[in-house]
Structures are given as C-alpha cells and as structure tokens.
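> This is the content of entry08.txt (compact mmCIF, N, CA, C and O atoms):
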# COMPACT_ATOMS: atom_id res chain seq x y z
N MET A 1 153.80 51.35 110.60
CA MET A 1 153.82 50.47 109.46
C MET A 1 155.24 50.49 108.92
O MET A 1 155.70 51.49 108.42
N ALA A 2 155.92 49.38 109.02
CA ALA A 2 157.31 49.29 108.57
C ALA A 2 157.40 48.45 107.31
O ALA A 2 156.72 47.45 107.18
N THR A 3 158.23 48.86 106.40
CA THR A 3 158.49 48.11 105.18
C THR A 3 159.74 47.29 105.39
O THR A 3 160.71 47.75 105.96
N TYR A 4 159.71 46.05 104.93
CA TYR A 4 160.90 45.23 105.06
C TYR A 4 161.06 44.36 103.83
O TYR A 4 160.11 44.07 103.14
N ARG A 5 162.27 43.94 103.58
CA ARG A 5 162.54 43.03 102.47
C ARG A 5 162.24 41.61 102.91
O ARG A 5 162.44 41.26 104.06
N ASN A 6 161.82 40.79 102.00
CA ASN A 6 161.54 39.39 102.29
C ASN A 6 162.81 38.60 102.02
O ASN A 6 163.12 38.27 100.89
N HIS A 7 163.56 38.28 103.07
CA HIS A 7 164.82 37.58 102.92
C HIS A 7 164.63 36.08 102.73
O HIS A 7 165.58 35.36 102.47
N ARG A 8 163.41 35.59 102.85
CA ARG A 8 163.15 34.17 102.66
C ARG A 8 162.94 33.83 101.19
O ARG A 8 162.81 32.68 100.83
N ARG A 9 162.92 34.80 100.33
CA ARG A 9 162.64 34.57 98.91
C ARG A 9 163.72 33.70 98.29
O ARG A 9 164.89 33.90 98.49
N GLU A 10 163.28 32.74 97.50
CA GLU A 10 164.23 31.86 96.81
C GLU A 10 164.65 32.52 95.51
O GLU A 10 163.89 33.22 94.88
N GLY A 11 165.88 32.26 95.10
CA GLY A 11 166.33 32.67 93.78
C GLY A 11 166.56 34.16 93.62
O GLY A 11 166.43 34.66 92.51
N SER A 12 166.86 34.90 94.66
CA SER A 12 167.13 36.33 94.51
C SER A 12 168.35 36.54 93.63
O SER A 12 169.32 35.80 93.71
N ALA A 13 168.30 37.57 92.81
CA ALA A 13 169.42 37.89 91.93
C ALA A 13 170.54 38.50 92.75
O ALA A 13 170.34 38.98 93.85
N HIS A 14 171.74 38.52 92.17
CA HIS A 14 172.89 39.06 92.88
C HIS A 14 173.25 40.46 92.42
O HIS A 14 174.13 41.08 92.99
N ARG A 15 172.58 40.99 91.38
CA ARG A 15 172.84 42.34 90.92
C ARG A 15 172.04 43.31 91.78
O ARG A 15 170.99 42.98 92.30
N HIS A 16 172.52 44.53 91.92
CA HIS A 16 171.83 45.52 92.73
C HIS A 16 171.46 46.73 91.88
O HIS A 16 172.14 47.08 90.96
N ALA A 17 170.38 47.37 92.27
CA ALA A 17 169.97 48.63 91.66
C ALA A 17 169.70 49.57 92.83
O ALA A 17 168.69 49.45 93.50
N GLY A 18 170.63 50.46 93.11
CA GLY A 18 170.48 51.31 94.28
C GLY A 18 170.53 50.44 95.52
O GLY A 18 171.42 49.63 95.68
N GLU A 19 169.55 50.59 96.41
CA GLU A 19 169.51 49.79 97.63
C GLU A 19 168.69 48.53 97.46
O GLU A 19 168.63 47.71 98.34
N MET A 20 168.02 48.38 96.35
CA MET A 20 167.12 47.24 96.15
C MET A 20 167.70 46.30 95.12
O MET A 20 168.11 46.72 94.05
N GLN A 21 167.74 45.02 95.45
CA GLN A 21 168.21 44.03 94.48
C GLN A 21 167.20 43.89 93.36
O GLN A 21 166.00 44.04 93.56
N MET A 22 167.71 43.57 92.19
CA MET A 22 166.83 43.26 91.07
C MET A 22 166.06 41.98 91.42
O MET A 22 166.55 41.14 92.15
N ASP A 23 164.88 41.84 90.87
CA ASP A 23 164.05 40.65 91.06
C ASP A 23 163.82 40.39 92.55
O ASP A 23 164.01 39.29 93.03
N GLU A 24 163.44 41.45 93.25
CA GLU A 24 163.23 41.37 94.69
C GLU A 24 161.80 41.78 95.01
O GLU A 24 161.06 42.23 94.16
N GLN A 25 161.42 41.65 96.26
CA GLN A 25 160.10 42.04 96.69
C GLN A 25 160.15 42.72 98.05
O GLN A 25 161.04 42.46 98.85
N LEU A 26 159.18 43.60 98.26
CA LEU A 26 159.00 44.29 99.53
C LEU A 26 157.64 43.88 100.07
O LEU A 26 156.69 43.72 99.30
N THR A 27 157.51 43.72 101.37
CA THR A 27 156.22 43.35 101.96
C THR A 27 155.93 44.21 103.18
O THR A 27 156.85 44.68 103.86
N VAL A 28 154.65 44.39 103.44
CA VAL A 28 154.19 45.11 104.62
C VAL A 28 152.77 44.64 104.94
O VAL A 28 151.99 44.35 104.04
N ASP A 29 152.46 44.56 106.22
CA ASP A 29 151.11 44.22 106.64
C ASP A 29 150.25 45.47 106.61
O ASP A 29 150.69 46.55 107.05
N ILE A 30 149.02 45.33 106.10
CA ILE A 30 148.08 46.45 106.01
C ILE A 30 146.71 45.97 106.46
O ILE A 30 146.45 44.77 106.56
N THR A 31 145.84 46.93 106.72
CA THR A 31 144.43 46.65 106.95
C THR A 31 143.66 47.41 105.89
O THR A 31 143.78 48.64 105.80
N ALA A 32 142.90 46.68 105.08
CA ALA A 32 142.15 47.30 103.99
C ALA A 32 141.06 48.19 104.55
O ALA A 32 140.44 47.89 105.58
N GLY A 33 140.83 49.29 103.86
CA GLY A 33 139.77 50.21 104.25
C GLY A 33 138.41 49.74 103.75
O GLY A 33 138.28 48.64 103.20
N PRO A 34 137.38 50.56 103.93
CA PRO A 34 136.04 50.21 103.45
C PRO A 34 136.09 49.89 101.95
O PRO A 34 136.73 50.59 101.18
N GLY A 35 135.47 48.82 101.57
CA GLY A 35 135.47 48.41 100.18
C GLY A 35 136.60 47.47 99.83
O GLY A 35 136.62 46.87 98.77
N GLY A 36 137.59 47.33 100.73
CA GLY A 36 138.67 46.37 100.54
C GLY A 36 139.62 46.72 99.41
O GLY A 36 139.73 47.86 99.00
N VAL A 37 140.32 45.70 98.91
CA VAL A 37 141.28 45.83 97.82
C VAL A 37 140.81 44.93 96.68
O VAL A 37 140.59 43.74 96.88
N MET A 38 140.63 45.51 95.50
CA MET A 38 140.19 44.73 94.34
C MET A 38 141.36 43.95 93.76
O MET A 38 142.45 44.50 93.59
N THR A 39 141.12 42.67 93.49
CA THR A 39 142.15 41.82 92.90
C THR A 39 141.65 41.24 91.58
O THR A 39 140.44 41.12 91.37
N ASP A 40 142.58 40.86 90.72
CA ASP A 40 142.22 40.28 89.43
C ASP A 40 141.62 38.89 89.58
O ASP A 40 140.73 38.51 88.83
N GLU A 41 142.11 38.13 90.56
CA GLU A 41 141.73 36.71 90.65
C GLU A 41 140.43 36.45 91.41
O GLU A 41 139.65 35.59 91.00
N VAL A 42 140.21 37.15 92.51
CA VAL A 42 139.06 36.81 93.37
C VAL A 42 138.17 38.00 93.71
O VAL A 42 137.28 37.88 94.54
N GLY A 43 138.39 39.13 93.06
CA GLY A 43 137.59 40.31 93.38
C GLY A 43 138.12 40.98 94.64
O GLY A 43 139.32 41.04 94.86
N VAL A 44 137.22 41.46 95.48
CA VAL A 44 137.59 42.25 96.65
C VAL A 44 138.06 41.35 97.80
O VAL A 44 137.44 40.34 98.10
N VAL A 45 139.18 41.75 98.42
CA VAL A 45 139.64 41.12 99.66
C VAL A 45 139.63 42.20 100.74
O VAL A 45 139.88 43.37 100.47
N THR A 46 139.31 41.81 101.96
CA THR A 46 139.15 42.77 103.05
C THR A 46 139.91 42.31 104.28
O THR A 46 140.37 41.17 104.35
N GLY A 47 140.00 43.20 105.25
CA GLY A 47 140.57 42.84 106.54
C GLY A 47 142.08 42.98 106.58
O GLY A 47 142.68 43.81 105.89
N ASP A 48 142.71 42.14 107.41
CA ASP A 48 144.16 42.18 107.59
C ASP A 48 144.84 41.46 106.44
O ASP A 48 144.60 40.27 106.22
N LEU A 49 145.68 42.19 105.74
CA LEU A 49 146.33 41.68 104.53
C LEU A 49 147.83 41.92 104.60
O LEU A 49 148.30 42.71 105.41
N THR A 50 148.55 41.26 103.72
CA THR A 50 149.95 41.56 103.48
C THR A 50 150.06 42.04 102.04
O THR A 50 149.52 41.40 101.13
N LEU A 51 150.71 43.19 101.85
CA LEU A 51 150.96 43.75 100.52
C LEU A 51 152.38 43.40 100.14
O LEU A 51 153.31 43.60 100.92
N ARG A 52 152.54 42.87 98.93
CA ARG A 52 153.87 42.55 98.42
C ARG A 52 154.07 43.30 97.11
O ARG A 52 153.22 43.26 96.22
N THR A 53 155.20 43.99 96.99
CA THR A 53 155.57 44.68 95.77
C THR A 53 156.75 43.94 95.17
O THR A 53 157.80 43.82 95.81
N GLU A 54 156.57 43.42 93.98
CA GLU A 54 157.62 42.67 93.29
C GLU A 54 158.18 43.52 92.17
O GLU A 54 157.44 44.23 91.50
N VAL A 55 159.48 43.43 91.97
CA VAL A 55 160.11 44.12 90.84
C VAL A 55 161.08 43.15 90.18
O VAL A 55 161.82 42.44 90.86
N ASP A 56 161.00 43.07 88.85
CA ASP A 56 161.94 42.19 88.15
C ASP A 56 163.07 43.03 87.56
O ASP A 56 163.07 44.26 87.65
N GLU A 57 164.03 42.36 86.96
CA GLU A 57 165.23 43.06 86.50
C GLU A 57 164.97 44.02 85.35
O GLU A 57 165.77 44.90 85.09
N SER A 58 163.82 43.91 84.69
CA SER A 58 163.50 44.86 83.62
C SER A 58 162.71 46.06 84.14
O SER A 58 162.37 46.95 83.37
N GLY A 59 162.45 46.10 85.45
CA GLY A 59 161.74 47.23 86.03
C GLY A 59 160.23 47.10 86.07
O GLY A 59 159.53 48.05 86.36
N ARG A 60 159.71 45.91 85.80
CA ARG A 60 158.27 45.69 85.90
C ARG A 60 157.91 45.48 87.37
O ARG A 60 158.48 44.62 88.04
N VAL A 61 156.96 46.27 87.85
CA VAL A 61 156.52 46.21 89.24
C VAL A 61 155.11 45.63 89.27
O VAL A 61 154.25 45.99 88.47
N THR A 62 154.88 44.70 90.21
CA THR A 62 153.57 44.10 90.38
C THR A 62 153.22 44.13 91.87
O THR A 62 154.02 43.73 92.71
N LEU A 63 152.01 44.61 92.18
CA LEU A 63 151.51 44.62 93.55
C LEU A 63 150.62 43.41 93.75
O LEU A 63 149.75 43.12 92.92
N ARG A 64 150.83 42.70 94.86
CA ARG A 64 150.01 41.54 95.21
C ARG A 64 149.61 41.65 96.68
O ARG A 64 150.33 42.25 97.47
N VAL A 65 148.47 41.05 97.02
CA VAL A 65 148.03 40.99 98.41
C VAL A 65 147.66 39.56 98.76
O VAL A 65 147.35 38.74 97.88
N GLN A 66 147.71 39.27 100.04
CA GLN A 66 147.23 38.00 100.55
C GLN A 66 146.59 38.28 101.89
O GLN A 66 146.90 39.27 102.56
N TYR A 67 145.65 37.40 102.28
CA TYR A 67 145.16 37.47 103.65
C TYR A 67 146.35 37.17 104.54
O TYR A 67 147.16 36.29 104.23
N LYS A 68 146.50 37.91 105.62
CA LYS A 68 147.66 37.77 106.49
C LYS A 68 147.89 36.30 106.84
O LYS A 68 146.99 35.61 107.26
N ASP A 69 149.10 35.83 106.61
CA ASP A 69 149.56 34.47 106.91
C ASP A 69 148.93 33.39 106.05
O ASP A 69 149.07 32.20 106.35
N ALA A 70 148.25 33.76 104.96
CA ALA A 70 147.70 32.76 104.04
C ALA A 70 148.77 32.38 103.02
O ALA A 70 149.85 32.95 102.99
N ASP A 71 148.47 31.39 102.20
CA ASP A 71 149.41 30.94 101.18
C ASP A 71 149.19 31.60 99.82
O ASP A 71 150.12 31.77 99.05
N GLU A 72 147.95 31.96 99.50
CA GLU A 72 147.61 32.47 98.18
C GLU A 72 147.87 33.97 98.07
O GLU A 72 147.53 34.73 98.96
N TRP A 73 148.45 34.37 96.94
CA TRP A 73 148.67 35.78 96.63
C TRP A 73 147.77 36.16 95.47
O TRP A 73 147.56 35.38 94.55
N TYR A 74 147.24 37.40 95.49
CA TYR A 74 146.35 37.90 94.45
C TYR A 74 146.91 39.21 93.90
O TYR A 74 147.37 40.07 94.66
N THR A 75 146.84 39.37 92.60
CA THR A 75 147.33 40.58 91.95
C THR A 75 146.33 41.71 92.17
O THR A 75 145.14 41.56 91.91
N VAL A 76 146.82 42.84 92.66
CA VAL A 76 145.98 44.02 92.86
C VAL A 76 145.56 44.55 91.49
O VAL A 76 146.41 44.75 90.61
N THR A 77 144.27 44.73 91.29
CA THR A 77 143.77 45.24 90.02
C THR A 77 144.38 46.62 89.77
O THR A 77 144.33 47.49 90.65
N GLY A 78 144.98 46.79 88.61
CA GLY A 78 145.66 48.04 88.28
C GLY A 78 147.02 48.18 88.95
O GLY A 78 147.65 49.22 88.86
N GLY A 79 147.48 47.11 89.59
CA GLY A 79 148.72 47.16 90.36
C GLY A 79 149.95 46.72 89.58
O GLY A 79 150.79 45.98 90.12
N ARG A 80 150.06 47.18 88.36
CA ARG A 80 151.26 46.88 87.56
C ARG A 80 151.78 48.19 86.98
O ARG A 80 151.00 49.05 86.57
N ALA A 81 153.09 48.31 86.96
CA ALA A 81 153.72 49.52 86.42
C ALA A 81 155.13 49.16 86.00
O ALA A 81 155.61 48.05 86.26
N SER A 82 155.77 50.09 85.34
CA SER A 82 157.18 49.95 85.00
C SER A 82 157.93 51.13 85.58
O SER A 82 157.42 52.25 85.60
N VAL A 83 159.14 50.87 86.06
CA VAL A 83 160.00 51.93 86.57
C VAL A 83 161.31 51.90 85.79
O VAL A 83 161.73 50.85 85.32
N THR A 84 161.93 53.05 85.65
CA THR A 84 163.19 53.14 84.94
C THR A 84 164.30 52.46 85.73
O THR A 84 165.12 51.74 85.19
N ASP A 85 164.30 52.70 87.03
CA ASP A 85 165.29 52.13 87.93
C ASP A 85 164.55 51.21 88.91
O ASP A 85 163.66 51.67 89.62
N PRO A 86 164.87 49.92 88.95
CA PRO A 86 164.18 49.02 89.87
C PRO A 86 164.19 49.48 91.33
O PRO A 86 163.31 49.13 92.10
N ALA A 87 165.15 50.30 91.72
CA ALA A 87 165.17 50.83 93.08
C ALA A 87 163.96 51.72 93.34
O ALA A 87 163.55 51.90 94.49
N ASP A 88 163.35 52.26 92.27
CA ASP A 88 162.17 53.11 92.42
C ASP A 88 160.93 52.32 92.85
O ASP A 88 159.91 52.91 93.21
N ALA A 89 161.01 51.00 92.81
CA ALA A 89 159.88 50.18 93.25
C ALA A 89 159.55 50.44 94.71
O ALA A 89 158.39 50.30 95.13
N LYS A 90 160.51 50.84 95.52
CA LYS A 90 160.24 51.14 96.92
C LYS A 90 159.27 52.31 97.03
O LYS A 90 158.37 52.30 97.86
N ALA A 91 159.42 53.32 96.18
CA ALA A 91 158.49 54.45 96.19
C ALA A 91 157.09 53.99 95.81
O ALA A 91 156.10 54.40 96.42
N VAL A 92 157.00 53.12 94.80
CA VAL A 92 155.70 52.57 94.40
C VAL A 92 155.09 51.80 95.57
O VAL A 92 153.91 51.95 95.89
N HIS A 93 155.90 51.00 96.24
CA HIS A 93 155.44 50.21 97.39
C HIS A 93 154.93 51.12 98.50
O HIS A 93 153.85 50.89 99.05
N ASP A 94 155.68 52.16 98.81
CA ASP A 94 155.28 53.07 99.89
C ASP A 94 153.97 53.79 99.58
O ASP A 94 153.11 53.93 100.44
N VAL A 95 153.80 54.22 98.33
CA VAL A 95 152.56 54.88 97.93
C VAL A 95 151.39 53.90 97.99
O VAL A 95 150.32 54.21 98.52
N ALA A 96 151.59 52.70 97.46
CA ALA A 96 150.51 51.69 97.49
C ALA A 96 150.12 51.36 98.92
O ALA A 96 148.92 51.28 99.24
N ALA A 97 151.10 51.17 99.79
CA ALA A 97 150.80 50.87 101.19
C ALA A 97 150.03 52.03 101.82
O ALA A 97 149.06 51.81 102.57
N GLY A 98 150.43 53.25 101.53
CA GLY A 98 149.74 54.41 102.08
C GLY A 98 148.29 54.51 101.61
O GLY A 98 147.40 54.91 102.37
N LEU A 99 148.05 54.15 100.36
CA LEU A 99 146.70 54.20 99.82
C LEU A 99 145.81 53.06 100.32
O LEU A 99 144.61 53.24 100.54
N LEU A 100 146.39 51.88 100.45
CA LEU A 100 145.59 50.70 100.78
C LEU A 100 145.44 50.46 102.29
O LEU A 100 144.50 49.79 102.70
N HIS A 101 146.36 50.96 103.09
CA HIS A 101 146.31 50.76 104.54
C HIS A 101 145.38 51.79 105.15
O HIS A 101 145.72 52.96 105.30
N ARG A 102 144.18 51.38 105.50
CA ARG A 102 143.16 52.27 106.05
C ARG A 102 142.48 51.62 107.25
O ARG A 102 141.29 51.32 107.23
N PRO A 103 143.21 51.42 108.35
CA PRO A 103 142.61 50.74 109.51
C PRO A 103 141.47 51.52 110.15
O PRO A 103 140.60 50.92 110.79
N GLU A 104 141.44 52.83 109.96
CA GLU A 104 140.38 53.64 110.54
C GLU A 104 139.24 53.90 109.55
O GLU A 104 138.27 54.55 109.89
N GLY A 105 139.39 53.39 108.34
CA GLY A 105 138.35 53.55 107.34
C GLY A 105 138.54 54.66 106.42
O GLY A 105 139.30 55.27 105.99
What is this structure when it is put down as structure tokens?

Amino acid sequence: MATYRNHRREGSAHRHAGEMQMDEQLTVDITAGPGGVMTDEVGVVTGDLTLRTEVDESGRVTLRVQYKDADEWYTVTGGRASVTDPADAKAVHDVAAGLLHRPEG
C-alpha cells in the first residue's frame, strides 16, 4: 500500500509545510474490512475504495473515501482533526489507511 500525492489537484498552494504543501491531499487505495467505512453522507461504504486525506493551510484535516474510480467523495464519520503543522497530516493519513485497509477482514 503506497501513499502518493495527487498532482492532478487544481489550485494547489505554493507555500510548503515540511514535505507537504499547504492545502494539499494524499490518496491511497484501500479495501474496507467487515462493516465497511461509515460516512456522513451515505452511511457505510464497502469494498475497494480510495482514501483521501485533505489538509488546508490552517491545519484542518478531513478524511474522505470514494468507491475506487468513482466521482463522488464521502466524508469519513469522525474523520476530521486539526494538526499544528500541516505536514503532520501524513501521519494522520497513514494511521487512517492502516485502520481502514482490511483486505483480509
């Protein structure tokens, strides 16, 4: 499971915080475990998903998921936090991916 930056994002800021740009996002493909991933908009989503971690310049982090290759993104229930340094969003992303990626159940 590799984490990568989404270079297709429009409107990325030019300021940097550590290795991560402000107002940037990280994405990784995951497979939801039993019970899926609870979202605010549609309830539980299951199967092959993409997890996106967004961080804005004030350090607000939001986790979102989508069905792999779909257009719609859903906010992970409880998937909001604040970090002192926006570069710390990578740690949040890695932990979330580790918790939500359960291909073996």
> If we count all atoms listed in the file, what is near range 61-76 of chain A at a cut-off of 5 Å, once residues fewer than 6 positions away on the same chain are taken out, given as a list in words?
Met38, Thr39, Asp40, Glu41, Asp48, Leu49, Thr50, Leu51, Arg52, Thr53, Glu54, Val55 and Ser82 of chain A
> Please, what distance in Å, to one decimal, runs between CA of Pro86 in chain A and atom O of Gln25 in chain A?
11.6 Å
> Which residue out of A:Thr27, A:Pro103, A:Val95, A:Thr84 has the minimum interatomic distance to Asp56 in chain A when only C-alpha atoms are used?
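Among A:Thr27, A:Pro103, A:Val95, A:Thr84, it is A:Thr84 that comes nearest to Asp56 in chain A.
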> Would you compute the distance between CA of Pro34 in chain A and CA of Arg102 in chain A? Give it in Å to one decimal.
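CA of Arg102 in chain A lies 7.9 Å from CA of Pro34 in chain A.
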> Separation of CA of Leu99 in chain A and atom C of Asp29 in chain A, in Å?
11.6 Å
> Between A:Leu26, A:Glu104, A:Gly33, A:Gly43, single out the one closest to Lys90 in chain A, counting only C-alpha atoms.
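Looking at the shortest contact to Lys90 in chain A, the residue is A:Leu26.
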> For Asp94 in chain A, which of A:Ile30, A:Glu24, A:Ser58, A:Val44 is the closest residue, counting only C-alpha atoms?
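Residue with the minimum atom-to-atom distance to Asp94 in chain A: A:Ile30.
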> List every residue of range 48-94 of chain A that DSSP, applied to the backbone of this structure, places in strand (DSSP E or B), and write the result as a ChimeraX atom specification.
/A:48-55,60-67,74-82
> Between A:Gly105, A:Gly59, A:Gly78, A:Gly98, which residue has the minimum interatomic distance to Gly36 in chain A, considering only C-alpha atoms?
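Among the listed residues, the smallest separation from Gly36 in chain A belongs to A:Gly105.
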> Counting all atoms listed in the file, which residue out of A:Val92, A:Ala32, A:Ala87, A:Glu57 sits closest to Val45 in chain A?
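Of all the options, A:Ala32 lies closest to Val45 in chain A.
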